[in-house]
Amino acid sequence: MEETKPVNLLSRLTDTGAHQKLLAFASLIALLIAFSIASPNFMQTSNMIAILQATSVNGVLAIAATLVIITGGIDLSVGTLMTFCAVIAGVVLTYAGMPLLLGVMAAIAAGALCGLCSGTFVAKMKIPPFIATLGMMLILKGLSLVISGTRPIYFNDTPGFDQISRGSLIGEILPSLPIPNGVLILFLVAMAAAYILGRTVLGRYTFALGSNEEAVRLSGVNTDAWKMAIYALAGGICGIAGILIASRLNSAQPALGLGYELEAIAAVVIGGTSLSGGRGTIIGTLIGALIMAVLTNGLRVLSVAQEWQTVVTGAIIILAVYADMVRRRQAK
């Protein structure tokens with residue numbers, strides 16, 4: 001038994017998923033070093049906090065996208081769903097004057113309901129995930145504009161709302177470490193998602209659906225119900241992202257959201273989750289989200305034009321997908 005331990009350890013270290021996470025982490029360190037050398041302003045405390053703040057929103061969205069992608073699906077609606085949930089919070093808190101907790105719960109519930117609708121389209125109506133979530137993206141974009149009257153909804157009359165993302169519970173205990181609450185929420189969501197994937201029946205079926213859905217169905221499992229549950233969970237997580245971005249801006253911006261899904265998907269693939277399904281980790285997704293945030297922030301610090309930032313983001317998405325294809329060929 002003892003003689004086989006080194007072999008098992010070696011197989012884990014050379015696993016394509018573990019290799020991808022190590023490569024992603026090395027890339028993150030390389031980016032930090034490169035931007036630090038290129039600009040003395042990059043490593044300032046205020047800039048590091050800005051990076052973490054940006055990661056909190058994109059990271060939560062990427063976690064939601066990870067759950068869906070592991071099943072072998074895709075969700076193009078995560079960005080507009082985030083915006084829709086922010087608008088729902090604005091309606092409940094600002095227009096209706098309800099308590100803060102009720103507004104937060106309404107946003108998460110709205111996200112879960114929309115996710116359940118997407119899951120129903122995919123599981124019951126057999127619409128391809130790309131088309132189903134593309135349609136949901138357009139629906140939610142329109143609903144956000146209709147409900148808000150195409151105007152931002154501000155939370156100035158909701159005490160404490162801006163502190164959900166911008167406050168710092170850690171900073172109150174350790175003044176030298178003013179990490180925003182949004183980052184703390186990101187890690188709490190990440191730990192909960194990692195626990196679900198690794199320790200629950202839902203997590204096991206998430207991987208099983210992505211690996212071989214037909215085999216799972218033939219074993220007597222109600223694959224449609226589990227798939228709908230996964231999409232609903234991802235939608236609820238998007239609701240948390242909606243609260244975070246609304247708190248960060250202290251407003252619900254109904255025209256916001258498009259483009260966030262691309263960064264989320266890029267973070268997921270960079271972190272080692274396979275677009276073909278059946279493989280992925282939350283820690284890898286967090287690393288991928290940090291890479292995207294560091295890259296975007298670093299380019300801004302270097303005063304790179306916005307249009308070139310978009311070009312770089314697109315190139316990274318293509319490279320990430322190509323790397324996933326290479327990993328799949330190696331696995332075979």
# chains A, B, ... in the order shown; residues from 1 in each chain; ligands from 1
call {"tool": "residues_around", "arguments": {"residues": "Leu113 of chain A", "least_positions_apart": "2", "cutoff": "12 Å", "atoms": "only C-alpha atoms", "output": "MDAnalysis selection string"}}
result
chainID A and resid 81 84:85 106:111 115:120 136 228:239
call {"tool": "write_last_selection", "arguments": {"atoms": "N, CA, C and O atoms", "output": "compact mmCIF listing (two decimals), in the first residue's frame"}}
result
# COMPACT_ATOMS: atom_id res chain seq x y z
N LEU A 81 -28.75 38.98 -15.99
CA LEU A 81 -29.46 38.51 -14.80
C LEU A 81 -28.98 39.25 -13.57
O LEU A 81 -29.79 39.62 -12.70
N PHE A 84 -30.69 42.56 -13.72
CA PHE A 84 -32.11 42.42 -13.41
C PHE A 84 -32.33 42.28 -11.90
O PHE A 84 -33.25 42.89 -11.34
N CYS A 85 -31.50 41.50 -11.24
CA CYS A 85 -31.61 41.32 -9.79
C CYS A 85 -31.33 42.63 -9.05
O CYS A 85 -31.97 42.92 -8.03
N ALA A 106 -35.19 39.33 -2.05
CA ALA A 106 -35.97 39.43 -3.30
C ALA A 106 -35.05 39.32 -4.51
O ALA A 106 -35.40 38.67 -5.51
N ALA A 107 -33.87 39.93 -4.44
CA ALA A 107 -32.92 39.87 -5.56
C ALA A 107 -32.43 38.44 -5.78
O ALA A 107 -32.37 37.96 -6.92
N ILE A 108 -32.10 37.75 -4.69
CA ILE A 108 -31.61 36.37 -4.81
C ILE A 108 -32.73 35.45 -5.31
O ILE A 108 -32.50 34.58 -6.17
N ALA A 109 -33.94 35.65 -4.80
CA ALA A 109 -35.08 34.84 -5.24
C ALA A 109 -35.38 35.07 -6.71
O ALA A 109 -35.68 34.12 -7.46
N ALA A 110 -35.30 36.34 -7.15
CA ALA A 110 -35.53 36.64 -8.57
C ALA A 110 -34.49 35.96 -9.44
O ALA A 110 -34.81 35.42 -10.52
N GLY A 111 -33.26 35.95 -8.99
CA GLY A 111 -32.20 35.28 -9.74
C GLY A 111 -32.44 33.78 -9.83
O GLY A 111 -32.28 33.17 -10.90
N GLY A 115 -33.12 31.65 -13.19
CA GLY A 115 -32.28 30.48 -13.46
C GLY A 115 -33.11 29.23 -13.66
O GLY A 115 -32.81 28.40 -14.52
N LEU A 116 -34.16 29.09 -12.85
CA LEU A 116 -35.06 27.94 -13.00
C LEU A 116 -35.75 27.96 -14.36
O LEU A 116 -35.92 26.90 -14.98
N CYS A 117 -36.11 29.16 -14.82
CA CYS A 117 -36.73 29.27 -16.15
C CYS A 117 -35.75 28.83 -17.24
O CYS A 117 -36.11 28.07 -18.15
N SER A 118 -34.50 29.28 -17.13
CA SER A 118 -33.49 28.86 -18.12
C SER A 118 -33.29 27.35 -18.07
O SER A 118 -33.18 26.68 -19.11
N GLY A 119 -33.24 26.80 -16.85
CA GLY A 119 -33.08 25.36 -16.70
C GLY A 119 -34.25 24.59 -17.29
O GLY A 119 -34.08 23.51 -17.86
N THR A 120 -35.45 25.16 -17.17
CA THR A 120 -36.63 24.53 -17.74
C THR A 120 -36.57 24.52 -19.26
O THR A 120 -36.92 23.53 -19.91
N MET A 136 -32.91 34.32 -22.87
CA MET A 136 -33.10 34.85 -21.51
C MET A 136 -32.32 36.13 -21.31
O MET A 136 -32.79 37.07 -20.65
N MET A 228 -32.36 21.50 -13.72
CA MET A 228 -33.12 22.70 -13.37
C MET A 228 -32.66 23.26 -12.03
O MET A 228 -32.55 24.47 -11.85
N ALA A 229 -32.36 22.36 -11.08
CA ALA A 229 -31.88 22.80 -9.77
C ALA A 229 -30.53 23.51 -9.88
O ALA A 229 -30.28 24.52 -9.21
N ILE A 230 -29.66 23.00 -10.75
CA ILE A 230 -28.34 23.61 -10.93
C ILE A 230 -28.47 25.00 -11.54
O ILE A 230 -27.82 25.95 -11.10
N TYR A 231 -29.31 25.13 -12.54
CA TYR A 231 -29.52 26.45 -13.15
C TYR A 231 -30.15 27.42 -12.15
O TYR A 231 -29.81 28.61 -12.14
N ALA A 232 -31.05 26.92 -11.32
CA ALA A 232 -31.67 27.79 -10.31
C ALA A 232 -30.64 28.25 -9.28
O ALA A 232 -30.63 29.42 -8.88
N LEU A 233 -29.75 27.34 -8.87
CA LEU A 233 -28.69 27.70 -7.93
C LEU A 233 -27.77 28.75 -8.54
O LEU A 233 -27.41 29.75 -7.89
N ALA A 234 -27.41 28.56 -9.80
CA ALA A 234 -26.56 29.53 -10.49
C ALA A 234 -27.26 30.89 -10.58
O ALA A 234 -26.64 31.93 -10.40
N GLY A 235 -28.56 30.88 -10.82
CA GLY A 235 -29.31 32.12 -10.87
C GLY A 235 -29.33 32.84 -9.54
O GLY A 235 -29.20 34.08 -9.47
N GLY A 236 -29.49 32.08 -8.45
CA GLY A 236 -29.44 32.69 -7.12
C GLY A 236 -28.10 33.34 -6.83
O GLY A 236 -28.03 34.42 -6.22
N ILE A 237 -27.02 32.70 -7.28
CA ILE A 237 -25.69 33.28 -7.11
C ILE A 237 -25.56 34.57 -7.92
O ILE A 237 -24.94 35.53 -7.47
N CYS A 238 -26.16 34.60 -9.11
CA CYS A 238 -26.18 35.84 -9.90
C CYS A 238 -26.92 36.94 -9.15
O CYS A 238 -26.58 38.13 -9.28
N GLY A 239 -27.94 36.56 -8.37
CA GLY A 239 -28.64 37.54 -7.55
C GLY A 239 -27.71 38.17 -6.52
O GLY A 239 -27.79 39.38 -6.24
call {"tool": "select_by_dssp", "arguments": {"residues": "segment 200-300 of chain A", "states": "helix (DSSP H, G or I)", "output": "NGL selection string"}}
result
:A and (201-218 or 223-249 or 260-270 or 282-300)
call {"tool": "residues_around", "arguments": {"residues": "segment 194-204 of chain A", "least_positions_apart": "4", "cutoff": "9 Å", "atoms": "only C-alpha atoms", "output": "ChimeraX atom specification"}}
result
/A:67,189-190,208-209,226,229-230,281-283
call {"tool": "closest_residue", "arguments": {"among": "A:Ala192, A:Ala266, A:Val57, A:Val321", "to": "Ile240 of chain A", "atoms": "only C-alpha atoms"}}
result
A:Val57
call {"tool": "atom_distance", "arguments": {"atom1": "atom CA of Gln309 of chain A", "atom2": "atom CA of Ala132 of chain A"}}
result
29.1 Å
call {"tool": "closest_residue", "arguments": {"among": "A:Val269, A:Val304, A:Met105, A:Leu23", "to": "Ile69 of chain A", "atoms": "only C-alpha atoms"}}
result
A:Val269
call {"tool": "residues_around", "arguments": {"residues": "Thr45 of chain A", "least_positions_apart": "6", "cutoff": "12 Å", "atoms": "only C-alpha atoms", "output": "PyMOL selection string"}}
result
chain A and resi 51-52+176-179
call {"tool": "atom_distance", "arguments": {"atom1": "atom CA of Thr133 of chain A", "atom2": "atom CA of Gly182 of chain A"}}
result
26.5 Å
call {"tool": "residues_around", "arguments": {"residues": "segment 242-254 of chain A", "least_positions_apart": "4", "cutoff": "6 Å", "atoms": "only C-alpha atoms", "output": "PyMOL selection string"}}
result
chain A and resi 82-83+85-87+144-145+152-155+161-162+165-166
call {"tool": "residues_around", "arguments": {"residues": "Glu263 of chain A", "least_positions_apart": "2", "cutoff": "9 Å", "atoms": "only C-alpha atoms", "output": "PyMOL selection string"}}
result
chain A and resi 58+62+259-261+265-268+289+292+313+317
call {"tool": "residues_around", "arguments": {"residues": "segment 99-101 of chain A", "least_positions_apart": "6", "cutoff": "10 Å", "atoms": "only C-alpha atoms", "output": "VMD selection string"}}
result
chain A and resid 89 92 to 93 158 to 161
call {"tool": "atom_distance", "arguments": {"atom1": "atom CA of Leu138 of chain A", "atom2": "atom CA of Thr80 of chain A"}}
result
8.0 Å
